[in-house]
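Participant: What follows is a structure written as structure tokens; I'll ask about it next.
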Amino acid sequence: MQNKHWDVKIEQNVGGIQFPHVVIDNFFTQSEFEQLEAYAKNLNFESDNVEVLETKVSKTGSAYGNGLEESFALKLDQKYRGHLLQILEILAPKKVKCFDHSDFHLVRTPAKREFKIHDDTPDKLLSTVIYIAPENNFGTFVHSTKDDHTGGIEVPWKKNRAFIFSRKESTTWHSYKSNAINDRICLVYNLKSKKVSNVYLAEGLWLKALDYSVRGK
């Protein structure tokens with residue numbers, strides 16, 4: 001199965017809310033997605049809260065963590081990282097040079113639970129949220145402000161759909177939740193940076209970059 005979905009269109013809005021992004025259906029091949037579904041069925045979570053299992057992949061090709069099997073994470077990163085960097089080049093070109101590692105988060109949101117409105121941490125250069133299981137649930141909700149009380153605009157749920165965006169300070173407000181019936185399982189594939197001061201500079205946030213450097217982080 002050939003991946004022909006990388007010739008994608010950048011959308012600037014979600015339901016009228018400024019939020020540059022890409023949506024790709026059938027992001028993974030069928031065999032890759034079936035392997036991810038198998039992971040979802042066998043996840044070992046220990047609480048009724050939103051939980052994350054993480055596998056990190058270095059820029060040079062080593063992997064470690066308690067989420068995806070390391071060899072599988074390496075395979076996915078080797079295959080898709082270059083394509084995602086091309087999308088980052090369009091969404092936030094100044095951030096590309098900040099990239100130094102990837103990570104894969106298997107995120108389980110139990111039934112009736114939610115993760116409140118947030119704009120993501122600055123170390124995330126590009127977030128790719130892939131909906132894994134179940135067949136039906138809520139997608140990701142985009143908001144105009146952190147204090148939005150409207151419920152937001154949904155990027156609807158569809159298995160193997162990817163919602164891709166580059167976070168921007170106090171702008172890319174979003175949230176997610178699970179329905180009242182099933183746990184919600186996603187894979188979040190992040191391109192990341194340990195050089196947070198440089199990320200703030202790439203966003204034009206000079207004072208935040210200076211403050212972060214002064215605090216020695």
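Identifiers in the structure tokens: chain A, B, ... in order shown; residue index from 1 per chain; ligand index from 1 in order shown.
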Extract the full set of strand (DSSP E) residues from chain A according to DSSP on the backbone, and format it as JSON, numbers by chain.

Facilitator: {"A": [11, 12, 13, 14, 17, 18, 19, 20, 21, 22, 23, 24, 51, 52, 53, 54, 55, 56, 57, 58, 63, 64, 65, 101, 102, 103, 104, 105, 106, 107, 108, 109, 114, 115, 116, 117, 118, 124, 125, 126, 127, 128, 129, 130, 131, 132, 133, 140, 141, 142, 153, 154, 155, 162, 163, 164, 165, 174, 175, 176, 177, 184, 185, 186, 187, 188, 189, 190, 191, 192]}

Participant: Compile the contact shell of Val196 in chain A as a compact mmCIF listing (two decimals) with C-alpha atoms, in the first residue's frame: residues with an atom at most 7 Å away, counting only C-alpha atoms, same-chain residues fewer than 4 positions apart removed.

Facilitator:
```txt
# COMPACT_ATOMS: atom_id res chain seq x y z
CA PRO A 122 6.69 24.73 23.77
CA ASP A 123 8.95 21.70 23.33
CA TYR A 200 10.35 30.66 21.76
```

Participant: Excluding same-chain residues fewer than 2 positions from range 34-44 of chain A, what lies within 7 Å of it counting only C-alpha atoms, as a PyMOL selection string?

Facilitator: chain A and resi 30-32+46+132-133+185

Participant: Name the residues in contact with Asn137 in chain A at a cut-off of 10 Å, using only C-alpha atoms, excluding same-chain residues fewer than 3 positions from it; report them as a compact mmCIF listing (two decimals) with C-alpha atoms, in the first residue's frame.

Facilitator:
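Result file is around_11.txt:
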```txt
# COMPACT_ATOMS: atom_id res chain seq x y z
CA ALA A 111 -15.03 7.09 29.40
CA TYR A 131 -7.28 8.41 16.35
CA ALA A 133 -9.85 3.21 19.00
CA PRO A 134 -12.77 2.66 19.41
CA PRO A 156 -14.32 14.64 14.16
CA TRP A 157 -13.25 11.18 15.17
CA LYS A 158 -12.42 8.65 12.48
CA LYS A 159 -10.09 5.71 12.99
CA LYS A 177 -12.61 14.07 25.91
CA SER A 178 -14.07 10.60 25.78
CA ASN A 179 -17.71 9.71 25.41
CA ALA A 180 -19.77 8.07 28.13
CA ILE A 181 -19.32 4.56 26.76
CA ASN A 182 -15.75 3.82 25.71
CA ASP A 183 -12.17 4.67 26.50
CA ARG A 184 -10.60 6.89 23.84
CA ILE A 185 -7.18 5.77 22.53
```

Participant: For the contact check between range 127-185 of chain A and range 63-87 of chain A, emit one row per residue of range 127-185 of chain A within 9 Å, containing the shortest atom pair and the distance in Å rounded to one decimal, counting only C-alpha atoms, chain then rising number order, as JSON lines.

Facilitator:
```
{"residue": "A:Thr128", "atom": "CA", "partner": "A:Leu84", "partner_atom": "CA", "distance": 8.6}
{"residue": "A:Ile164", "atom": "CA", "partner": "A:Ile87", "partner_atom": "CA", "distance": 8.7}
{"residue": "A:Phe165", "atom": "CA", "partner": "A:Ile87", "partner_atom": "CA", "distance": 8.8}
```

Participant: Output the selection as a short mmCIF file (atom, residue, chain, number, x, y, z; two decimals), in the first residue's frame - C-alpha atoms for each residue.

Facilitator:
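Dumped to again06.cif:
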```cif
data_model
loop_
_atom_site.label_atom_id
_atom_site.label_comp_id
_atom_site.auth_asym_id
_atom_site.auth_seq_id
_atom_site.Cartn_x
_atom_site.Cartn_y
_atom_site.Cartn_z
CA THR A 128 0.23 14.54 14.98
CA ILE A 164 -1.58 17.74 12.58
CA PHE A 165 -0.61 21.19 13.88
#
```

Participant: Quick one: everything within 8 Å of range 207-217 of chain A, counting only C-alpha atoms, minus sequence neighbours fewer than 2 positions away in the same chain. Send it as a list in words.

Facilitator: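 Counting only C-alpha atoms, the residues come to Val196, Ser197, Asn198, Val199, Tyr200, Leu201 and Leu205 of chain A.
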
Participant: Convert the current residue selection to file output with N, CA and C atoms, as a JSON list (two decimals), in the first residue's frame.

Facilitator:
```json
[["chain", "number", "residue", "atom", "x", "y", "z"],
["A", 196, "VAL", "N", 14.22, 24.79, 24.20],
["A", 196, "VAL", "CA", 12.98, 25.53, 24.31],
["A", 196, "VAL", "C", 13.19, 27.03, 24.08],
["A", 197, "SER", "N", 14.31, 27.57, 24.51],
["A", 197, "SER", "CA", 14.58, 28.99, 24.27],
["A", 197, "SER", "C", 14.58, 29.29, 22.77],
["A", 198, "ASN", "N", 15.16, 28.40, 22.00],
["A", 198, "ASN", "CA", 15.18, 28.59, 20.55],
["A", 198, "ASN", "C", 13.79, 28.47, 19.94],
["A", 199, "VAL", "N", 12.96, 27.61, 20.54],
["A", 199, "VAL", "CA", 11.58, 27.48, 20.06],
["A", 199, "VAL", "C", 10.82, 28.79, 20.30],
["A", 200, "TYR", "N", 11.00, 29.37, 21.49],
["A", 200, "TYR", "CA", 10.35, 30.66, 21.76],
["A", 200, "TYR", "C", 10.83, 31.72, 20.78],
["A", 201, "LEU", "N", 12.13, 31.71, 20.47],
["A", 201, "LEU", "CA", 12.65, 32.67, 19.48],
["A", 201, "LEU", "C", 12.00, 32.45, 18.13],
["A", 205, "LEU", "N", 8.93, 35.15, 20.44],
["A", 205, "LEU", "CA", 8.69, 35.48, 21.84],
["A", 205, "LEU", "C", 10.04, 35.70, 22.55]]
```

Participant: Quote the spacing between CA of Trp206 in chain A and CA of His118 in chain A in Å to one decimal place.

Facilitator: 21.5 Å

Participant: So what do you get for CA of Ile90 in chain A versus CA of Ser62 in chain A, distance-wise?

Facilitator: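 So the answer is 27.1 Å.
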
Participant: To one decimal place in Å, what is the distance between CA of Thr55 in chain A and CA of Phe115 in chain A?

Facilitator: 20.8 Å

Participant: If you count only C-alpha atoms, which residues fall within 12 Å of Ser47 in chain A, apart from same-chain ones fewer than 6 positions away, as a list of chain:residue names?

Facilitator: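 In the requested format, the answer is A:Arg108, A:Thr109, A:Pro110, A:Ala111, A:Arg113.
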
Participant: Of the candidates A:Ser193, A:Leu187, A:Asp120, A:Glu89, which shows the shortest atom-to-atom distance to Phe28 in chain A, using only C-alpha atoms?

Facilitator: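 Closest candidate: A:Leu187.
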
Participant: Could you tell me which of A:His143, A:His21, A:Lys94, A:Arg167 comes closest to Leu125 in chain A if we count only C-alpha atoms?

Facilitator: A:Arg167

Participant: With distances taken over only C-alpha atoms, which residue among A:Val188, A:Gly152, A:Ala162, A:Glu169 lies nearest Val14 in chain A?

Facilitator: A:Gly152

Participant: List the spatial neighbours of Glu11 in chain A as a VMD selection string - criterion: any atom at most 9 Å away, only C-alpha atoms, same-chain residues fewer than 6 positions off excluded.

Facilitator: chain A and resid 19 to 23

Participant: Looking at only C-alpha atoms, which of A:Ala202, A:Ala92, A:Val155, A:Val52 is the one that sits closest to Phe138 in chain A?

Facilitator: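 Going through A:Ala202, A:Ala92, A:Val155, A:Val52 one by one, the smallest distance to Phe138 in chain A is for A:Val155.
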
Participant: Just checking: using only C-alpha atoms, which residue out of A:Ile24, A:Glu114, A:Glu154, A:Phe33 ends up closest to Val8 in chain A?

Facilitator: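 So, comparing all the options, the nearest one is A:Ile24.
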
Participant: If you run DSSP over the backbone, which residues in range 7-185 of chain A end up helix (DSSP H, G or I)? Put them as an MDAnalysis selection string.

Facilitator: chainID A and resid 30:41 70:91 93:98

Participant: Just C-alpha atoms for this one: save the residues we selected as a compact mmCIF listing (two decimals), in the first residue's frame.

Facilitator:
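What ended up in selection-v7.txt:
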```txt
# COMPACT_ATOMS: atom_id res chain seq x y z
CA GLN A 30 -3.41 -1.02 7.09
CA SER A 31 -0.77 -3.30 8.62
CA GLU A 32 0.70 -0.48 10.72
CA PHE A 33 -2.72 0.55 11.95
CA GLU A 34 -3.68 -3.02 12.82
CA GLN A 35 -0.53 -3.26 14.92
CA LEU A 36 -1.49 -0.05 16.71
CA GLU A 37 -5.01 -1.36 17.31
CA ALA A 38 -3.46 -4.44 18.91
CA TYR A 39 -1.48 -2.17 21.24
CA ALA A 40 -4.68 -0.32 22.13
CA LYS A 41 -6.43 -3.56 23.10
CA GLU A 70 11.08 0.31 20.51
CA SER A 71 11.67 -1.38 17.15
CA PHE A 72 8.18 -0.39 15.98
CA ALA A 73 8.65 3.22 17.10
CA LEU A 74 11.96 3.38 15.23
CA LYS A 75 10.35 1.97 12.10
CA LEU A 76 7.52 4.51 12.17
CA ASP A 77 9.85 7.42 12.87
CA GLN A 78 12.23 6.48 10.07
CA LYS A 79 9.32 6.25 7.66
CA TYR A 80 7.29 9.32 8.61
CA ARG A 81 9.63 11.84 10.23
CA GLY A 82 10.83 13.34 6.95
CA HIS A 83 7.27 13.85 5.70
CA LEU A 84 6.23 15.50 8.96
CA LEU A 85 9.26 17.79 8.87
CA GLN A 86 8.07 18.92 5.44
CA ILE A 87 4.69 19.80 6.94
CA LEU A 88 6.44 21.63 9.80
CA GLU A 89 8.42 23.54 7.15
CA ILE A 90 5.10 24.92 5.91
CA LEU A 91 3.33 25.46 9.23
CA PRO A 93 9.44 27.02 9.09
CA LYS A 94 11.61 28.65 11.77
CA LYS A 95 11.04 25.68 14.08
CA VAL A 96 12.51 23.04 11.76
CA LYS A 97 16.09 23.71 12.87
CA CYS A 98 15.03 23.21 16.52
```

Participant: With distances taken over only C-alpha atoms, which of A:Tyr189, A:Phe27, A:Phe141, A:Phe99 is nearest to Arg161 in chain A?

Facilitator: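 Closest residue, counting only C-alpha atoms: A:Phe27.
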